[in-house]
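A short worksheet on the structure shown next.
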Amino acid sequence: MARIDGIKEQRREKLREMRGQGIDPYPHRYHRSHTNKEAIALFKRGDDSPVSLAGRIVACRAMGKATFIDLRDSSGKIQAYFRSDLLSDKHDLLKQCDVGDIIGVSGKVFRTHSGEITLKVADFTLLSKSLQPLPEKWHGLTDVEKRYRQRYLDLISNEEVGRIFAVRSRAIAAVRRFLDGRGFIEVETPVLHHAAGGALARPFTTHHHALDQDLYLRIATELYLKRLIIGGLDRVYEIGRIFRNEGISTKHNPEFTMMESYEAYADYNDVMAMVEEMVSYVAKRVLRKTKVSFGENTIDFAPPWRRITLQNAIKEGCDIDFLEHADDHSLRNAIRKQGLDVDESPSWAKLVDKLISNFVEPNLIQPTFVMDYPVELSPLAKRKPESERLVERFEAFAGGMEIANAFTELNDPIEQRERFREQDRLRALLGDEEAERVDEDFLVALEHGMPPTGGLGLGIDRLVMLLTDQHSIREVILFPQLRTK
RNA sequence: GGGCCGCUAGCUCAAUGGUAGAGCAACUGACUCUUAAUCAGUAGGUUGCAGGUUCGAAUCCUGUGCGGCUCACCA
């Protein structure tokens, strides 16, 4: 018999014994008067009224007629002290309890000789019997695969993991508070799309049986939020799950969380100012400071962030002026001179993108706005007035990652239609699954007139990575996507 | 998809071709201020999986599954 089967059998046996004694191992209710943290605070204020607490037994030190356990709830840990002379028959029940069980305890709080604030247990109740052993107490659970697949074990045995997700929650709350304070309203738009638009990415497809139509999981919220701008909701945002059927990496999960906002009568300069204020506001609210450690670097989110054009950022990284190499042939040769291997197929726009990911993104540790992108890379962004080739678009980078993408939105319906057509042409030509698709319904909306608008997409997961010094997106997503075993 | 690395008891890890081990957890016993409690004892293994080489494989080889890092892909 494997050891684990033995442990499980022992615990099931305890369960049977308890039931035989008329004890319900899974009672319906328990009234707790305080959290562990509140009970400790109460005692520190000099109040020793009786309290009732509840949580999971995470450690047990039994010494004959006295037993100490560590009891954890979401607020923290408290030690509980059991004495057989205070519990009489219930001390036998304690023997049937295991590390991992959930119990309720009541009594008065006191301080032990060694100084630890402790609950002296007058009564206790088993609230849920655990039939599986917990990971080892000292090293916790380190097996990464198991941590992701059984996140509850990760949360039970590694306290810092809970803190990461608390930061995540507070960061999202801070984003909402910031935008609400600026008069934005939060909206919810469809996840199931008839055309997956608003970004250049491969969608997940699904099928609706009653409609007998294929549908796509959204790759962005952009086109629906713009419809709302057209409808006169001048400041809207949505925080929601986005799905992209692409590779998985330390910076990519197939489903991730994005905040998109649209503001009428703003342009990308206004959005830039908003992003640096918002992110520093979030850092201050969540961490009480704008400087964060990220690996070996310290990142300071305090405005103003550095601003640089894409042209100069690429020049800085590899000494290529992408505007001087106006066709794919010329740009490809310039890249090859830099010693980077590129084959014949990539278009000019793809080559520019390659330059960004190789020579710009990894170098931008401090928050930086990279401005003015080629129109071919940005089918939904408005051209710069003085340039045929560039659009009013920026991406924000920090910690070597892209965290935001924004532009002055294209609101000319005729040009938008042409841009979609061009994307369609590329898709047919190159079999590019990621090209933007024509969305006729959206074009009709645009034809009704959209005010000049500044739009933004902010990667929430990556922002949380920066705030928590985590270098894999899986560490900030509770249940990251893994292959089934 | 390529490269590198990992997978051994519930957990954390040893064992480099020669008897699969330790700590924690579990079980039995002692112990009324412990806190990685302590002390004595007991039990627990399809070494991810499938083949192969060998007198002998956790260890070497081939294939494969899952994971990690990385490169590519991802206009």
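Simple scheme: letters A, B, ... for chains in structure tokens order, numbers from 1 for residues in each chain, numbers from 1 for ligands in the order shown.
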
Chain B contacts to chain A at 10 Å (only C-alpha atoms (C1' of nucleotides)) as JSON, numbers by chain
{"B": [9, 10, 11, 12, 24, 25, 26, 27, 30, 31, 32, 33, 34, 35, 36, 37, 38, 43, 44, 45, 65, 66, 67, 68, 69, 73, 74, 75]}

Polymer residues at most 12 Å from B:G18, only C-alpha atoms (C1' of nucleotides), same-chain spacing of 6 or more positions, as a VMD selection string
chain B and resid 55 to 57 59

Would you output that residue set with N, CA and C atoms (P, O5', C5', C4', C3', O3' and C1' of nucleotides), as a compact mmCIF listing (two decimals), in the first residue's frame?
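Dumped everything to again01.txt:
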# COMPACT_ATOMS: atom_id res chain seq x y z
P C B 55 25.74 -9.27 -19.97
O5' C B 55 25.13 -9.62 -18.54
C5' C B 55 24.52 -10.91 -18.30
C4' C B 55 24.21 -11.04 -16.84
C3' C B 55 23.46 -9.86 -16.24
O3' C B 55 22.08 -9.94 -16.47
C1' C B 55 25.28 -10.40 -14.85
P G B 56 21.28 -8.61 -16.92
O5' G B 56 21.40 -7.72 -15.61
C5' G B 56 20.73 -8.12 -14.41
C4' G B 56 21.12 -7.21 -13.27
C3' G B 56 20.85 -5.73 -13.50
O3' G B 56 19.50 -5.40 -13.24
C1' G B 56 23.02 -6.01 -12.61
P A B 57 18.80 -4.22 -14.13
O5' A B 57 19.60 -2.90 -13.74
C5' A B 57 19.62 -2.41 -12.40
C4' A B 57 19.37 -0.92 -12.40
C3' A B 57 17.99 -0.52 -12.95
O3' A B 57 17.57 0.67 -12.30
C1' A B 57 19.66 0.41 -14.31
P U B 59 17.51 4.51 -14.91
O5' U B 59 18.81 5.36 -14.57
C5' U B 59 18.80 6.78 -14.64
C4' U B 59 20.12 7.31 -14.14
C3' U B 59 21.32 6.91 -15.01
O3' U B 59 22.22 7.99 -15.13
C1' U B 59 21.64 6.16 -12.78

Selection near stretch 292-294 of chain A, 10 Å with only C-alpha atoms (C1' of nucleotides), sequence-local residues under 5 positions removed, as a list in words:
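Counting only the stated atoms, we get Ala283, Leu287, Ile299, Asp300, Phe301, Ile365, Ala398, Gly399, Met465, Leu466, Leu467, Thr468, Asp469, Gln470 and His471 of chain A.
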
Distance query A:Val275 at most 9 Å, only C-alpha atoms (C1' of nucleotides), self and fewer than 3 positions along chain excluded, as a PyMOL selection string:
chain A and resi 270-272+278-280+396+404+456+458

May I have the residues within 9 Å of A:Phe369 as a ChimeraX atom specification, using only C-alpha atoms (C1' of nucleotides) and disregarding those fewer than 5 positions away in the same chain?
/A:272,305-309,394-397

Need to verify the contact set: A:Asp441, 12 Å, only C-alpha atoms (C1' of nucleotides), exclusion of same-chain residues closer than 6 positions in sequence. Can you return it as a list in words?
His193, His194, Ala195, Gly197, Leu223, Tyr224, Lys226, Arg227, Pro413, Arg417, Glu447 and His448 of chain A

Considering only C-alpha atoms (C1' of nucleotides), return as a PyMOL selection string whatever protein or nucleic-acid residues lie within 8 Å of stretch 173-177 of chain A, sequence-local ones (same chain, fewer than 2 positions apart) excluded.
chain A and resi 169-171+179-181+278+281-282+285-286

I need the chosen residues saved as a PDB file, in the first residue's frame, with N, CA, C and O atoms.
ATOM      1  N   SER A 169      -5.729  42.409  -6.128  1.00  0.00           N
ATOM      2  CA  SER A 169      -7.075  42.909  -5.857  1.00  0.00           C
ATOM      3  C   SER A 169      -7.055  44.407  -5.560  1.00  0.00           C
ATOM      4  O   SER A 169      -7.861  45.173  -6.086  1.00  0.00           O
ATOM      5  N   ARG A 170      -6.094  44.827  -4.745  1.00  0.00           N
ATOM      6  CA  ARG A 170      -6.031  46.254  -4.393  1.00  0.00           C
ATOM      7  C   ARG A 170      -5.654  47.106  -5.607  1.00  0.00           C
ATOM      8  O   ARG A 170      -6.124  48.236  -5.747  1.00  0.00           O
ATOM      9  N   ALA A 171      -4.819  46.557  -6.482  1.00  0.00           N
ATOM     10  CA  ALA A 171      -4.406  47.315  -7.670  1.00  0.00           C
ATOM     11  C   ALA A 171      -5.605  47.547  -8.586  1.00  0.00           C
ATOM     12  O   ALA A 171      -5.808  48.654  -9.104  1.00  0.00           O
ATOM     13  N   LEU A 179     -10.213  55.899 -12.134  1.00  0.00           N
ATOM     14  CA  LEU A 179     -11.027  56.230 -13.310  1.00  0.00           C
ATOM     15  C   LEU A 179     -12.395  56.775 -12.900  1.00  0.00           C
ATOM     16  O   LEU A 179     -12.898  57.727 -13.495  1.00  0.00           O
ATOM     17  N   ASP A 180     -12.988  56.165 -11.870  1.00  0.00           N
ATOM     18  CA  ASP A 180     -14.278  56.659 -11.383  1.00  0.00           C
ATOM     19  C   ASP A 180     -14.141  58.120 -10.961  1.00  0.00           C
ATOM     20  O   ASP A 180     -15.006  58.943 -11.234  1.00  0.00           O
ATOM     21  N   GLY A 181     -13.005  58.434 -10.318  1.00  0.00           N
ATOM     22  CA  GLY A 181     -12.761  59.792  -9.854  1.00  0.00           C
ATOM     23  C   GLY A 181     -12.630  60.787 -10.996  1.00  0.00           C
ATOM     24  O   GLY A 181     -12.785  61.989 -10.809  1.00  0.00           O
ATOM     25  N   MET A 278      -2.090  57.536 -13.409  1.00  0.00           N
ATOM     26  CA  MET A 278      -2.848  56.384 -12.911  1.00  0.00           C
ATOM     27  C   MET A 278      -1.921  55.335 -12.299  1.00  0.00           C
ATOM     28  O   MET A 278      -2.169  54.839 -11.196  1.00  0.00           O
ATOM     29  N   TYR A 281      -0.470  56.501  -9.110  1.00  0.00           N
ATOM     30  CA  TYR A 281      -1.547  56.492  -8.107  1.00  0.00           C
ATOM     31  C   TYR A 281      -1.773  55.075  -7.581  1.00  0.00           C
ATOM     32  O   TYR A 281      -1.878  54.851  -6.365  1.00  0.00           O
ATOM     33  N   VAL A 282      -1.820  54.115  -8.499  1.00  0.00           N
ATOM     34  CA  VAL A 282      -2.060  52.724  -8.104  1.00  0.00           C
ATOM     35  C   VAL A 282      -0.921  52.240  -7.206  1.00  0.00           C
ATOM     36  O   VAL A 282      -1.148  51.628  -6.156  1.00  0.00           O
ATOM     37  N   ARG A 285      -1.293  53.761  -3.778  1.00  0.00           N
ATOM     38  CA  ARG A 285      -2.397  53.210  -2.989  1.00  0.00           C
ATOM     39  C   ARG A 285      -2.118  51.789  -2.533  1.00  0.00           C
ATOM     40  O   ARG A 285      -2.527  51.379  -1.452  1.00  0.00           O
ATOM     41  N   VAL A 286      -1.416  51.039  -3.380  1.00  0.00           N
ATOM     42  CA  VAL A 286      -1.219  49.623  -3.074  1.00  0.00           C
ATOM     43  C   VAL A 286       0.020  49.431  -2.203  1.00  0.00           C
ATOM     44  O   VAL A 286       0.011  48.637  -1.265  1.00  0.00           O
TER      45      VAL A 286
END

Mind the document's chain letters and residue numbers, and return as a VMD selection string the residues of stretch 63-141 of chain A that DSSP labels helix (DSSP H, G or I).
chain A and resid 84 to 87 90 to 95

Strand (DSSP E or B) positions in stretch 220-374 of chain A, given as JSON, numbers by chain
{"A": [235, 236, 237, 238, 239, 240, 241, 242, 243, 249, 252, 255, 256, 257, 258, 259, 260, 261, 262, 263, 264, 291, 292, 293, 294, 297, 298, 299, 300, 306, 307, 308, 309, 368, 369, 370, 371, 372, 373, 374]}

For the selection you just gave me, I'd like the residues written to a file as a PDB file, in the first residue's frame, keeping C-alpha atoms.
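File result-v2.pdb, as written:
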ATOM      1  CA  ARG A 235     -15.697  58.402 -20.693  1.00  0.00           C
ATOM      2  CA  VAL A 236     -15.973  54.628 -20.486  1.00  0.00           C
ATOM      3  CA  TYR A 237     -13.788  51.797 -19.320  1.00  0.00           C
ATOM      4  CA  GLU A 238     -13.956  48.062 -18.968  1.00  0.00           C
ATOM      5  CA  ILE A 239     -11.786  45.713 -16.941  1.00  0.00           C
ATOM      6  CA  GLY A 240     -12.146  42.268 -18.324  1.00  0.00           C
ATOM      7  CA  ARG A 241     -10.808  38.987 -19.492  1.00  0.00           C
ATOM      8  CA  ILE A 242      -9.328  38.889 -22.977  1.00  0.00           C
ATOM      9  CA  PHE A 243      -8.619  35.669 -24.879  1.00  0.00           C
ATOM     10  CA  SER A 249       5.229  32.301 -22.020  1.00  0.00           C
ATOM     11  CA  HIS A 252       1.608  35.565 -21.971  1.00  0.00           C
ATOM     12  CA  GLU A 255      -6.624  34.510 -21.078  1.00  0.00           C
ATOM     13  CA  PHE A 256      -5.539  37.678 -19.338  1.00  0.00           C
ATOM     14  CA  THR A 257      -7.006  40.830 -17.895  1.00  0.00           C
ATOM     15  CA  MET A 258      -7.009  44.138 -19.655  1.00  0.00           C
ATOM     16  CA  MET A 259      -8.339  47.544 -18.741  1.00  0.00           C
ATOM     17  CA  GLU A 260      -9.432  49.568 -21.743  1.00  0.00           C
ATOM     18  CA  SER A 261     -10.598  53.153 -21.478  1.00  0.00           C
ATOM     19  CA  TYR A 262     -11.881  55.638 -24.042  1.00  0.00           C
ATOM     20  CA  GLU A 263     -12.167  59.344 -23.521  1.00  0.00           C
ATOM     21  CA  ALA A 264     -13.904  61.647 -25.993  1.00  0.00           C
ATOM     22  CA  LYS A 291       9.375  53.045  -6.308  1.00  0.00           C
ATOM     23  CA  VAL A 292       9.292  49.281  -6.631  1.00  0.00           C
ATOM     24  CA  SER A 293      11.987  46.616  -6.734  1.00  0.00           C
ATOM     25  CA  PHE A 294      11.865  44.558  -9.880  1.00  0.00           C
ATOM     26  CA  ASN A 297      16.301  47.114 -10.659  1.00  0.00           C
ATOM     27  CA  THR A 298      14.326  49.764  -8.862  1.00  0.00           C
ATOM     28  CA  ILE A 299      11.524  51.173 -10.985  1.00  0.00           C
ATOM     29  CA  ASP A 300      10.085  54.580 -10.188  1.00  0.00           C
ATOM     30  CA  ARG A 306      10.445  59.352 -20.258  1.00  0.00           C
ATOM     31  CA  ARG A 307       9.041  59.987 -23.736  1.00  0.00           C
ATOM     32  CA  ILE A 308      10.820  58.890 -26.891  1.00  0.00           C
ATOM     33  CA  THR A 309       9.705  58.364 -30.460  1.00  0.00           C
ATOM     34  CA  THR A 368       8.883  54.912 -20.868  1.00  0.00           C
ATOM     35  CA  PHE A 369       6.421  56.040 -23.495  1.00  0.00           C
ATOM     36  CA  VAL A 370       7.443  55.024 -26.994  1.00  0.00           C
ATOM     37  CA  MET A 371       5.550  57.187 -29.450  1.00  0.00           C
ATOM     38  CA  ASP A 372       4.533  57.333 -33.104  1.00  0.00           C
ATOM     39  CA  TYR A 373       4.183  53.926 -34.695  1.00  0.00           C
ATOM     40  CA  PRO A 374       3.951  52.944 -38.360  1.00  0.00           C
TER      41      PRO A 374
END

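Atom pair atom CA of A:Phe43 / atom CA of A:Lys95: separated by 28.4 Å.
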
Rounded to one decimal, what separation in Å do you get between atom CA of A:Leu192 and atom CA of A:Leu215?
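That distance, rounded to one decimal, is 6.1 Å.
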
If I take atom C1' of B:U47 and atom C1' of B:U64, how far is one from the other in Å, to one decimal?
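Atom C1' of B:U47 sits 17.1 Å away from atom C1' of B:U64.
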